[in-house]
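Next up, query_39.txt (compact mmCIF, C-alpha atoms):
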```
# COMPACT_ATOMS: atom_id res chain seq x y z
CA MET A 1 135.91 -4.12 -147.90
CA ASP A 2 132.17 -4.25 -147.28
CA GLN A 3 130.76 -1.15 -145.57
CA ASN A 4 129.63 -3.11 -142.54
CA GLU A 5 132.64 -5.39 -142.28
CA LEU A 6 134.25 -5.32 -138.85
CA VAL A 7 138.01 -4.91 -138.91
CA GLU A 8 140.65 -5.85 -136.39
CA TYR A 9 142.20 -2.65 -135.06
CA GLY A 10 144.24 -1.75 -132.04
CA GLN A 11 145.72 -5.20 -131.37
CA GLY A 12 143.28 -5.87 -128.56
CA ARG A 13 143.80 -2.45 -126.94
CA LEU A 14 140.23 -1.24 -127.47
CA PRO A 15 137.93 -1.82 -124.47
CA SER A 16 134.48 -3.35 -124.69
CA GLY A 17 131.92 -0.86 -125.98
CA ILE A 18 134.07 0.44 -128.86
CA ARG A 19 133.56 -1.03 -132.28
CA SER A 20 135.67 -0.80 -135.41
CA ARG A 21 134.18 -0.85 -138.91
CA ILE A 22 134.45 0.52 -142.44
CA VAL A 23 131.91 3.10 -143.67
CA ASP A 24 131.62 4.27 -147.29
CA ASN A 25 131.25 8.06 -147.05
CA ASN A 26 129.87 8.44 -150.61
CA ASN A 27 132.63 10.96 -151.31
CA GLY A 28 135.11 8.54 -152.79
CA ALA A 29 136.49 7.14 -149.55
CA LYS A 30 135.81 4.17 -147.31
CA LEU A 31 136.64 5.38 -143.84
CA HIS A 32 137.67 3.18 -140.97
CA VAL A 33 135.88 4.42 -137.86
CA LEU A 34 135.90 3.72 -134.16
CA GLU A 35 132.51 4.19 -132.48
CA ALA A 36 131.00 4.19 -129.02
CA GLY A 37 127.44 4.87 -127.87
CA PHE A 38 125.94 3.24 -130.93
CA GLU A 39 123.69 0.84 -129.01
CA GLY A 40 120.05 1.44 -128.18
CA LYS A 41 118.11 4.58 -128.96
CA ARG A 42 119.44 7.19 -131.36
CA ARG A 43 121.73 9.69 -129.64
CA PRO A 44 123.19 13.05 -130.68
CA CYS A 45 126.38 12.46 -132.64
CA VAL A 46 129.88 13.85 -132.04
CA VAL A 47 132.68 13.45 -134.61
CA LEU A 48 136.34 13.38 -133.54
CA LEU A 49 139.03 14.18 -136.15
CA HIS A 50 142.65 13.25 -135.46
CA GLY A 51 145.90 14.90 -136.56
CA PHE A 52 149.37 13.88 -137.76
CA PRO A 53 150.94 11.42 -137.22
CA GLU A 54 147.97 9.90 -135.45
CA LEU A 55 144.86 7.79 -136.07
CA ALA A 56 141.32 7.45 -134.80
CA TYR A 57 143.03 5.55 -131.98
CA SER A 58 144.25 8.86 -130.54
CA TRP A 59 140.67 9.33 -129.23
CA ARG A 60 140.67 6.00 -127.38
CA ASN A 61 140.32 7.78 -124.02
CA GLN A 62 137.43 9.99 -125.16
CA LEU A 63 135.15 7.48 -126.89
CA LEU A 64 133.60 5.78 -123.87
CA PRO A 65 133.36 8.83 -121.57
CA LEU A 66 131.56 10.80 -124.28
CA ALA A 67 129.30 7.83 -124.95
CA GLN A 68 128.56 7.57 -121.23
CA ALA A 69 127.57 11.25 -121.35
CA GLY A 70 124.89 10.37 -123.90
CA PHE A 71 126.53 10.78 -127.30
CA HIS A 72 127.12 8.55 -130.29
CA VAL A 73 130.84 9.16 -130.77
CA VAL A 74 132.52 8.55 -134.14
CA ALA A 75 136.27 8.83 -134.78
CA PRO A 76 137.46 8.10 -138.33
CA ASP A 77 140.91 7.45 -139.67
CA LEU A 78 141.08 10.42 -142.04
CA ARG A 79 141.50 9.85 -145.76
CA GLY A 80 145.05 8.65 -146.38
CA TYR A 81 145.54 7.33 -142.84
CA GLY A 82 145.39 3.91 -141.24
CA ARG A 83 142.65 1.60 -142.52
CA SER A 84 140.81 4.28 -144.54
CA SER A 85 140.92 4.27 -148.33
CA GLY A 86 139.92 6.67 -151.07
CA THR A 87 143.13 7.66 -152.81
CA ASN A 88 146.54 6.19 -153.35
CA PRO A 89 148.77 8.15 -150.96
CA ALA A 90 151.79 8.35 -153.24
CA TYR A 91 153.77 11.54 -153.81
CA ASP A 92 152.95 11.71 -157.51
CA GLU A 93 149.23 11.07 -157.10
CA ASP A 94 146.61 13.83 -157.29
CA ILE A 95 146.36 15.69 -153.98
CA VAL A 96 143.07 17.45 -154.76
CA PRO A 97 141.18 14.89 -152.59
CA TYR A 98 143.18 16.20 -149.61
CA MET A 99 142.09 19.82 -149.99
CA PHE A 100 140.22 21.34 -147.06
CA LEU A 101 136.80 21.51 -148.70
CA ASN A 102 137.04 17.89 -149.74
CA ARG A 103 137.95 17.03 -146.15
CA VAL A 104 134.70 18.78 -145.20
CA GLY A 105 132.98 16.65 -147.82
CA ASP A 106 134.54 13.52 -146.35
CA THR A 107 133.23 14.39 -142.89
CA LEU A 108 129.80 15.44 -144.13
CA GLY A 109 129.55 12.26 -146.19
CA LEU A 110 130.41 10.15 -143.15
CA VAL A 111 127.81 11.92 -141.01
CA ARG A 112 125.10 11.41 -143.61
CA ALA A 113 126.12 7.80 -144.23
CA LEU A 114 125.55 7.20 -140.53
CA GLY A 115 122.03 8.64 -140.89
CA TYR A 116 122.49 12.09 -139.35
CA GLU A 117 121.39 15.36 -140.90
CA SER A 118 123.29 17.27 -138.21
CA VAL A 119 125.64 16.50 -135.35
CA ALA A 120 126.00 17.98 -131.88
CA GLY A 121 129.65 18.81 -132.43
CA VAL A 122 132.82 18.24 -134.41
CA VAL A 123 136.13 18.11 -132.54
CA GLY A 124 139.52 18.27 -134.24
CA HIS A 125 143.06 17.91 -132.96
CA ASP A 126 146.23 19.11 -134.74
CA TYR A 127 145.49 18.89 -138.49
CA GLY A 128 141.97 17.78 -137.59
CA SER A 129 141.47 21.18 -135.91
CA PRO A 130 141.32 23.27 -139.12
CA VAL A 131 139.27 20.53 -140.77
CA ALA A 132 136.75 20.76 -137.91
CA ALA A 133 136.83 24.56 -138.15
CA TRP A 134 136.10 24.51 -141.87
CA CYS A 135 133.26 22.04 -141.26
CA ALA A 136 131.67 24.53 -138.84
CA LEU A 137 132.33 27.55 -141.05
CA VAL A 138 131.05 26.01 -144.30
CA ARG A 139 128.14 23.91 -142.92
CA PRO A 140 126.98 25.37 -139.59
CA ASP A 141 123.58 23.78 -140.23
CA VAL A 142 125.22 20.34 -139.92
CA PHE A 143 128.06 20.91 -137.47
CA ARG A 144 126.26 22.63 -134.61
CA SER A 145 129.34 23.27 -132.46
CA VAL A 146 133.10 22.93 -132.82
CA VAL A 147 136.12 22.32 -130.59
CA MET A 148 139.56 23.05 -131.97
CA MET A 149 142.50 21.45 -130.21
CA SER A 150 146.21 22.33 -130.28
CA ALA A 151 146.00 24.26 -133.58
CA PRO A 152 144.12 27.59 -133.39
CA PHE A 153 142.03 28.67 -136.39
CA GLY A 154 142.53 32.21 -137.63
CA GLY A 155 139.54 32.31 -139.98
CA ALA A 156 139.04 32.32 -143.72
CA PRO A 157 141.67 34.03 -145.88
CA SER A 158 141.05 37.74 -146.24
CA LEU A 159 140.51 39.58 -149.50
CA PRO A 160 141.42 43.30 -149.64
CA LEU A 161 138.52 45.75 -149.59
CA GLY A 162 138.17 48.91 -151.66
CA THR A 163 141.09 48.44 -154.02
CA ALA A 164 139.39 49.32 -157.30
CA ASP A 165 140.69 52.89 -157.24
CA ASN A 166 143.90 52.14 -155.39
CA GLN A 167 146.75 51.34 -157.76
CA LYS A 168 149.25 50.44 -155.04
CA ALA A 169 150.60 46.92 -155.25
CA PRO A 170 150.01 44.86 -152.10
CA PRO A 171 153.06 44.52 -149.87
CA PRO A 172 155.04 41.33 -150.52
CA GLY A 173 154.53 38.51 -148.09
CA VAL A 174 157.28 37.11 -145.91
CA ASP A 175 159.34 34.42 -147.65
CA ILE A 176 159.71 32.35 -144.51
CA GLU A 177 161.77 29.64 -146.20
CA LYS A 178 164.31 32.22 -147.36
CA GLU A 179 164.44 33.95 -143.98
CA LEU A 180 164.97 30.73 -142.07
CA ALA A 181 167.65 29.47 -144.48
CA ALA A 182 169.53 32.78 -144.13
CA LEU A 183 169.89 32.56 -140.33
CA ALA A 184 173.34 32.10 -138.80
CA ARG A 185 172.13 28.61 -137.91
CA PRO A 186 170.25 27.78 -141.14
CA ARG A 187 166.77 26.41 -140.48
CA LYS A 188 163.61 25.30 -142.28
CA HIS A 189 159.92 25.10 -141.39
CA TYR A 190 158.55 21.63 -140.91
CA HIS A 191 155.45 22.36 -143.06
CA TRP A 192 157.65 22.93 -146.09
CA TYR A 193 159.85 19.98 -145.22
CA TYR A 194 156.80 17.73 -144.94
CA SER A 195 155.83 18.90 -148.42
CA THR A 196 159.00 17.49 -150.00
CA ARG A 197 159.31 14.21 -151.83
CA GLY A 198 161.86 12.81 -149.39
CA ALA A 199 159.97 13.37 -146.14
CA ASN A 200 158.02 10.12 -146.24
CA ASP A 201 161.03 7.87 -146.77
CA ASN A 202 163.03 9.80 -144.17
CA MET A 203 160.52 8.78 -141.49
CA TRP A 204 159.30 5.46 -142.90
CA ARG A 205 162.77 4.07 -143.68
CA CYS A 206 164.62 5.77 -140.83
CA ALA A 207 167.61 4.11 -139.18
CA GLN A 208 165.94 3.90 -135.76
CA GLY A 209 162.77 2.24 -137.12
CA VAL A 210 159.22 3.61 -137.12
CA HIS A 211 158.45 2.61 -133.54
CA ASP A 212 161.43 4.43 -132.05
CA PHE A 213 160.95 7.38 -134.41
CA LEU A 214 157.39 7.83 -133.17
CA ARG A 215 158.44 7.38 -129.54
CA ALA A 216 160.98 10.20 -129.87
CA TYR A 217 158.57 12.38 -131.87
CA TYR A 218 155.69 12.04 -129.40
CA HIS A 219 158.02 12.53 -126.42
CA TYR A 220 159.70 15.61 -127.90
CA LYS A 221 156.34 17.36 -128.45
CA SER A 222 154.85 16.38 -125.08
CA ALA A 223 154.97 17.86 -121.61
CA ASN A 224 157.42 15.08 -120.73
CA TRP A 225 160.09 17.03 -122.63
CA LYS A 226 160.64 19.60 -119.92
CA GLN A 227 162.14 22.23 -122.24
CA ASN A 228 158.72 22.78 -123.82
CA LYS A 229 157.95 26.17 -122.33
CA PRO A 230 156.08 28.00 -125.10
CA PHE A 231 155.30 31.69 -125.28
CA PRO A 232 153.70 34.01 -127.88
CA LEU A 233 155.98 34.96 -130.76
CA ALA A 234 156.19 38.58 -131.90
CA ALA A 235 156.00 38.04 -135.66
CA TRP A 236 155.95 35.59 -138.56
CA SER A 237 159.67 35.98 -139.21
CA GLY A 238 162.73 33.77 -139.36
CA PRO A 239 164.34 35.02 -136.12
CA GLU A 240 161.09 34.68 -134.17
CA LEU A 241 160.14 31.24 -135.49
CA ALA A 242 163.65 29.98 -134.80
CA LYS A 243 162.88 30.28 -131.08
CA MET A 244 160.77 27.11 -131.40
CA PRO A 245 162.19 23.59 -130.97
CA THR A 246 163.53 21.66 -133.95
CA TYR A 247 160.40 19.55 -134.35
CA TYR A 248 158.85 22.74 -135.80
CA ILE A 249 161.82 24.77 -137.03
CA MET A 250 164.29 22.16 -138.22
CA ASP A 251 167.98 22.46 -138.94
CA LEU A 252 168.30 22.97 -142.67
CA ASP A 253 170.46 19.89 -143.24
CA LYS A 254 168.39 17.40 -141.23
CA GLY A 255 165.25 15.38 -141.82
CA MET A 256 162.65 14.83 -139.14
CA ALA A 257 164.04 11.41 -138.23
CA GLU A 258 167.43 12.98 -137.46
CA SER A 259 165.81 15.95 -135.71
CA VAL A 260 163.98 13.88 -133.11
CA ALA A 261 166.53 11.07 -132.64
CA PRO A 262 168.60 12.94 -129.99
CA GLU A 263 165.44 13.30 -127.87
CA MET A 264 164.71 9.56 -127.69
CA PRO A 265 163.81 9.06 -124.02
CA PRO A 266 165.69 6.44 -121.96
CA ALA A 267 164.05 3.15 -121.05
CA GLN A 268 163.03 4.26 -117.55
CA VAL A 269 161.22 7.32 -118.95
CA ILE A 270 159.40 5.16 -121.49
CA ALA A 271 158.37 2.72 -118.77
CA ALA A 272 157.00 5.61 -116.69
CA CYS A 273 155.00 7.10 -119.57
CA LYS A 274 151.42 6.27 -118.57
CA TRP A 275 149.72 8.22 -121.36
CA LEU A 276 151.53 6.32 -124.13
CA PRO A 277 152.74 2.89 -123.02
CA ASN A 278 154.53 0.81 -125.62
CA GLU A 279 151.42 -1.29 -126.22
CA ASP A 280 149.53 1.82 -127.37
CA LEU A 281 152.47 3.13 -129.35
CA ARG A 282 152.61 -0.18 -131.22
CA VAL A 283 149.14 0.52 -132.61
CA TYR A 284 150.53 3.64 -134.29
CA SER A 285 153.87 2.16 -135.28
CA GLY A 286 152.20 -0.96 -136.65
CA GLU A 287 149.91 1.07 -138.90
CA TYR A 288 152.58 3.52 -140.06
CA THR A 289 155.05 0.71 -140.70
CA ARG A 290 152.41 -0.80 -142.98
CA THR A 291 151.27 2.38 -144.76
CA GLY A 292 154.09 4.91 -144.53
CA PHE A 293 153.39 8.58 -143.82
CA GLN A 294 152.58 10.01 -147.26
CA GLY A 295 148.80 9.90 -146.75
CA GLY A 296 149.16 12.36 -143.90
CA LEU A 297 151.86 14.40 -145.60
CA GLN A 298 149.57 15.18 -148.54
CA SER A 299 147.78 17.71 -146.34
CA TYR A 300 150.98 19.66 -145.75
CA ARG A 301 151.48 19.82 -149.51
CA VAL A 302 148.00 21.31 -149.77
CA GLY A 303 148.75 23.90 -147.11
CA THR A 304 152.05 25.11 -148.57
CA ASN A 305 150.87 25.44 -152.19
CA PRO A 306 148.56 28.43 -152.87
CA ARG A 307 147.10 26.54 -155.82
CA TYR A 308 145.33 24.21 -153.40
CA THR A 309 144.12 26.82 -150.91
CA ALA A 310 142.90 29.51 -153.33
CA GLU A 311 139.32 28.25 -153.20
CA LEU A 312 139.14 29.13 -149.50
CA THR A 313 139.09 32.84 -150.37
CA SER A 314 135.47 32.26 -151.45
CA PHE A 315 134.67 32.39 -147.74
CA SER A 316 136.52 35.65 -147.04
CA GLY A 317 134.72 37.61 -144.35
CA ARG A 318 132.77 34.62 -143.09
CA THR A 319 133.10 33.63 -139.45
CA ILE A 320 132.38 30.57 -137.33
CA ASP A 321 129.04 31.38 -135.76
CA VAL A 322 128.26 28.16 -133.88
CA PRO A 323 129.38 27.67 -130.26
CA SER A 324 133.13 27.03 -130.28
CA ALA A 325 135.97 26.30 -127.88
CA PHE A 326 139.70 25.74 -127.95
CA ILE A 327 141.71 23.23 -125.92
CA GLY A 328 145.50 23.05 -125.95
CA GLY A 329 148.33 21.91 -123.77
CA ALA A 330 150.03 24.51 -121.60
CA SER A 331 153.34 23.02 -122.81
CA ASP A 332 152.37 22.96 -126.51
CA TRP A 333 154.26 25.18 -128.93
CA GLY A 334 151.56 24.41 -131.50
CA VAL A 335 149.28 26.91 -129.76
CA HIS A 336 151.71 29.73 -130.62
CA GLN A 337 153.43 28.56 -133.80
CA ARG A 338 151.49 31.05 -135.97
CA PRO A 339 151.84 34.41 -134.22
CA GLY A 340 148.54 36.18 -133.56
CA VAL A 341 146.27 33.34 -134.69
CA LEU A 342 145.20 32.35 -131.16
CA GLU A 343 144.13 35.93 -130.50
CA LYS A 344 142.38 36.22 -133.87
CA MET A 345 140.46 32.98 -133.27
CA ASN A 346 139.28 34.23 -129.90
CA GLY A 347 138.60 37.76 -131.14
CA THR A 348 137.11 37.73 -134.65
CA ALA A 349 137.21 34.33 -136.35
CA CYS A 350 134.73 32.73 -133.92
CA THR A 351 131.76 34.84 -132.86
CA ARG A 352 130.51 32.44 -130.17
CA MET A 353 133.74 31.35 -128.52
CA VAL A 354 132.90 30.10 -125.04
CA GLY A 355 136.34 29.15 -123.77
CA VAL A 356 140.07 28.89 -124.43
CA HIS A 357 141.63 26.25 -122.20
CA LEU A 358 145.35 25.49 -121.83
CA VAL A 359 145.66 22.27 -119.86
CA ASP A 360 148.50 21.91 -117.37
CA GLY A 361 150.67 18.83 -117.75
CA ALA A 362 150.00 18.49 -121.46
CA GLY A 363 152.02 19.24 -124.55
CA HIS A 364 150.84 18.74 -128.12
CA TRP A 365 148.99 15.44 -127.52
CA VAL A 366 146.60 16.99 -125.05
CA GLN A 367 143.73 14.47 -125.25
CA GLN A 368 146.18 11.62 -124.73
CA GLU A 369 148.39 13.27 -122.13
CA GLN A 370 145.55 14.58 -119.93
CA PRO A 371 142.42 12.66 -120.97
CA GLU A 372 140.38 13.24 -117.81
CA ALA A 373 140.77 17.02 -117.98
CA VAL A 374 139.98 17.04 -121.71
CA ASN A 375 136.94 14.83 -121.23
CA ARG A 376 135.54 17.16 -118.58
CA LEU A 377 136.04 20.13 -120.89
CA LEU A 378 134.52 18.38 -123.91
CA ILE A 379 131.46 17.09 -122.07
CA GLY A 380 130.86 20.42 -120.39
CA PHE A 381 131.18 22.28 -123.68
CA LEU A 382 128.94 19.90 -125.65
CA GLU A 383 126.22 20.07 -123.00
CA GLU A 384 126.44 23.87 -122.86
CA ALA A 385 126.45 24.14 -126.65
CA ALA A 386 123.36 21.95 -126.89
CA ASN A 387 121.58 24.28 -124.45
CA LYS A 388 122.68 27.35 -126.43
CA ASN A 389 121.50 25.85 -129.70
CA ARG A 390 118.13 24.92 -128.18
CA GLY A 391 117.80 28.46 -126.85
```
Show the structure stored in the file as structure tokens.
Amino acid sequence: MDQNELVEYGQGRLPSGIRSRIVDNNNGAKLHVLEAGFEGKRRPCVVLLHGFPELAYSWRNQLLPLAQAGFHVVAPDLRGYGRSSGTNPAYDEDIVPYMFLNRVGDTLGLVRALGYESVAGVVGHDYGSPVAAWCALVRPDVFRSVVMMSAPFGGAPSLPLGTADNQKAPPPGVDIEKELAALARPRKHYHWYYSTRGANDNMWRCAQGVHDFLRAYYHYKSANWKQNKPFPLAAWSGPELAKMPTYYIMDLDKGMAESVAPEMPPAQVIAACKWLPNEDLRVYSGEYTRTGFQGGLQSYRVGTNPRYTAELTSFSGRTIDVPSAFIGGASDWGVHQRPGVLEKMNGTACTRMVGVHLVDGAGHWVQQEQPEAVNRLLIGFLEEAANKNRG
């Protein structure tokens, strides 16, 4: 598609003032983006990065409010998602393009293609959160502030110090797959499940269909599922992780489609769900029915294979030194799924952390479940960060 070609997206659900187009990011991908605040004089830019299984559409409630606050707001479908291209998202294809530093390159390339040498902020939700964090850590000159949402960032991998004269072998790491499988109720971690060949077909070809699968998945991880009452876990261990719901720590013999099916909400609950009415859900289910899920799953394969994360040790000891903030849902287990990371983010990984906000009435999909609260936090942070950077 031509870089400036407008594309139909959202089945008429996007309000006036938001445009949809394809932008070549000069990093091997043509990214579908949603934009607001592009009219008139040049404005400071904010980039919004979605997570899994979502799309740029997950920012539909942030685009116009941020534009009305004076920003040019850009939300891409990440590489492998939705209308974006760049690689063939098949299990046997090369997953190097999905590595974190190439995700930074994708975002940097998009920013520069749009004519910006720097942006006011980068905001990431779920998987987009570590991508945004790495953008700010690697290129603080470009990404002048960062907001991480739902997934805390614990910093660059550490390298041991002063080991030249110490012959002791490092202690072995926890084999979390083995620990979970050995429990009385055998379990598995969803990251490793999402890294398997069969995960895509399990969700794409599921018995309930993609639309109902996504309805159950979004409901199960939201504040609407009243059993979501997260708390800090004591350790990265099988018994501790098994305290989380089965959308994170799955039964060993079940796929994700079977894990979420029992939590499919009844019709009256669906009808009462104002943050994700069926018309909005059809935007997601329509895209994922067309593409499958493998483009998003490639990132989990990167995260669970040390071969694809080894390059990140080059940044050992480096911190995020631009203004930063964290926003999560008070009912989101994702905030606590890696024990100690929230505290590390707020203590050492980010040197200019200005706020950690857990929003009441929100689970994992915080910007969709409580958009007004999130918009207030984002606008306040971006305005404060701009003042700090000017000072």
With distances taken over all atoms listed in the file, the candidate from A:Leu114, A:Ala181, A:Leu214, A:Leu281 nearest Val260 in chain A is A:Leu214
Could I get the residues of range 55-107 of chain A with an atom no further than 12 Å from an atom of range 188-197 of chain A, each paired with its nearest atom pair and that distance in Å to one decimal, using all atoms listed in the file, sorted by chain and residue number, as a tab-separated table?
```
residue	atom	partner	partner_atom	distance
A:Ala90	CA	A:Arg197	CA	9.6
A:Tyr91	CA	A:Arg197	CA	6.5
A:Asp92	CA	A:Arg197	CA	8.9
A:Glu93	CA	A:Arg197	CA	11.8
A:Ile95	CA	A:Ser195	CA	11.4
```
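Nearest to Gly128 in chain A of all the residues A:Arg103, A:Arg19, A:His50, A:Lys178 is A:His50, based on all atoms listed in the file.
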Problem set entry | Of the listed residues A:Ala113, A:Ala156, A:Leu233, A:Pro89, that which approaches Asn200 in chain A most closely, counting all atoms listed in the file |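 Closest residue, counting all atoms listed in the file: A:Pro89.
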- Query: Using all atoms listed in the file, which of A:Gly154, A:Pro245, A:Pro230, A:Gly363 sits nearest Gly340 in chain A?
  - Reply: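 Closest to Gly340 in chain A, using all atoms listed in the file: A:Gly154.
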Go through range 13-99 of chain A and flag each residue having an atom no more than 12 Å from range 305-319 of chain A; for those, report the closest pair of atoms plus their distance in Å to one decimal, using all atoms listed in the file, ordered by chain and rising number, as a tab-separated table.
```
residue	atom	partner	partner_atom	distance
A:Asp94	CA	A:Tyr308	CA	11.2
A:Ile95	CA	A:Tyr308	CA	8.6
A:Val96	CA	A:Tyr308	CA	7.3
A:Pro97	CA	A:Tyr308	CA	10.2
A:Tyr98	CA	A:Tyr308	CA	9.1
A:Met99	CA	A:Tyr308	CA	6.4
```
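The smallest atom-to-atom distance between Arg83 in chain A and any of A:Phe213, A:Tyr288, A:Trp59, A:Trp236, using all atoms listed in the file, is found for A:Tyr288.
Our summary of the geometry notes that CA of Arg21 in chain A is positioned 5.6 Å from CA of Val33 in chain A.
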Within 8 Å of Val23 in chain A, counting only C-alpha atoms, which residues show up once you throw out same-chain ones fewer than 2 positions away? Write them as a compact mmCIF listing (two decimals) with C-alpha atoms, in the coordinates of the input, please.
```
# COMPACT_ATOMS: atom_id res chain seq x y z
CA GLN A 3 130.76 -1.15 -145.57
CA ASN A 4 129.63 -3.11 -142.54
CA ARG A 21 134.18 -0.85 -138.91
CA ASN A 25 131.25 8.06 -147.05
CA LYS A 30 135.81 4.17 -147.31
CA LEU A 31 136.64 5.38 -143.84
CA HIS A 32 137.67 3.18 -140.97
CA VAL A 33 135.88 4.42 -137.86
CA LEU A 110 130.41 10.15 -143.15
CA ALA A 113 126.12 7.80 -144.23
```
TODO: Using only C-alpha atoms, determine which residues lie at most 9 Å from Asn228 in chain A, disregarding the query and same-chain residues fewer than 6 positions distant; provide the list as a PyMOL selection string.
DONE: chain A and resi 220-222+244-245+331-333+363
Query raised in the report: Pick from A:Gly105, A:Gly115, A:Gly198, A:Gly334: nearest to Cys45 in chain A, with only C-alpha atoms counted?
Result: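 Residue with the minimum atom-to-atom distance to Cys45 in chain A: A:Gly115.
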task: Could you give me, as a list in words, the residues within 9 Å of Pro130 in chain A, counting all atoms listed in the file and dropping anything in the same chain fewer than 3 positions from it?
output: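 The filter keeps Phe100, Gly124, His125, Asp126, Tyr127, Ala133, Trp134, Cys135, Met148, Ala151, Pro152 and Phe153 of chain A.
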Which residues, written as a ChimeraX atom specification, have at least one atom at most 7 Å from Ala36 in chain A, with only C-alpha atoms counted and residues fewer than 6 positions away on the same chain left out? /A:17-19,63-64,67,72-74
Check your understanding: Using only C-alpha atoms, which residues sit within 9 Å of Gly28 in chain A once same-chain residues fewer than 5 positions away are excluded, as a list in words?
Key -> Ser85, Gly86, Thr87, Pro97 and Asp106 of chain A
Expected file contents, prior selection, C-alpha atoms, as a JSON list (two decimals), keeping the file's coordinate frame:
```json
[["chain", "number", "residue", "atom", "x", "y", "z"],
["A", 85, "SER", "CA", 140.92, 4.27, -148.33],
["A", 86, "GLY", "CA", 139.92, 6.67, -151.07],
["A", 87, "THR", "CA", 143.13, 7.66, -152.81],
["A", 97, "PRO", "CA", 141.18, 14.89, -152.59],
["A", 106, "ASP", "CA", 134.54, 13.52, -146.35]]
```
**Message:** Please compute the CA of Leu159 in chain A-CA of Thr304 in chain A distance, one decimal, in Å.
**Reply:**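 Interatomic distance here is 18.5 Å.
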Taken to one decimal, the CA of Arg215 in chain A-CA of Val359 in chain A distance is 21.9 Å
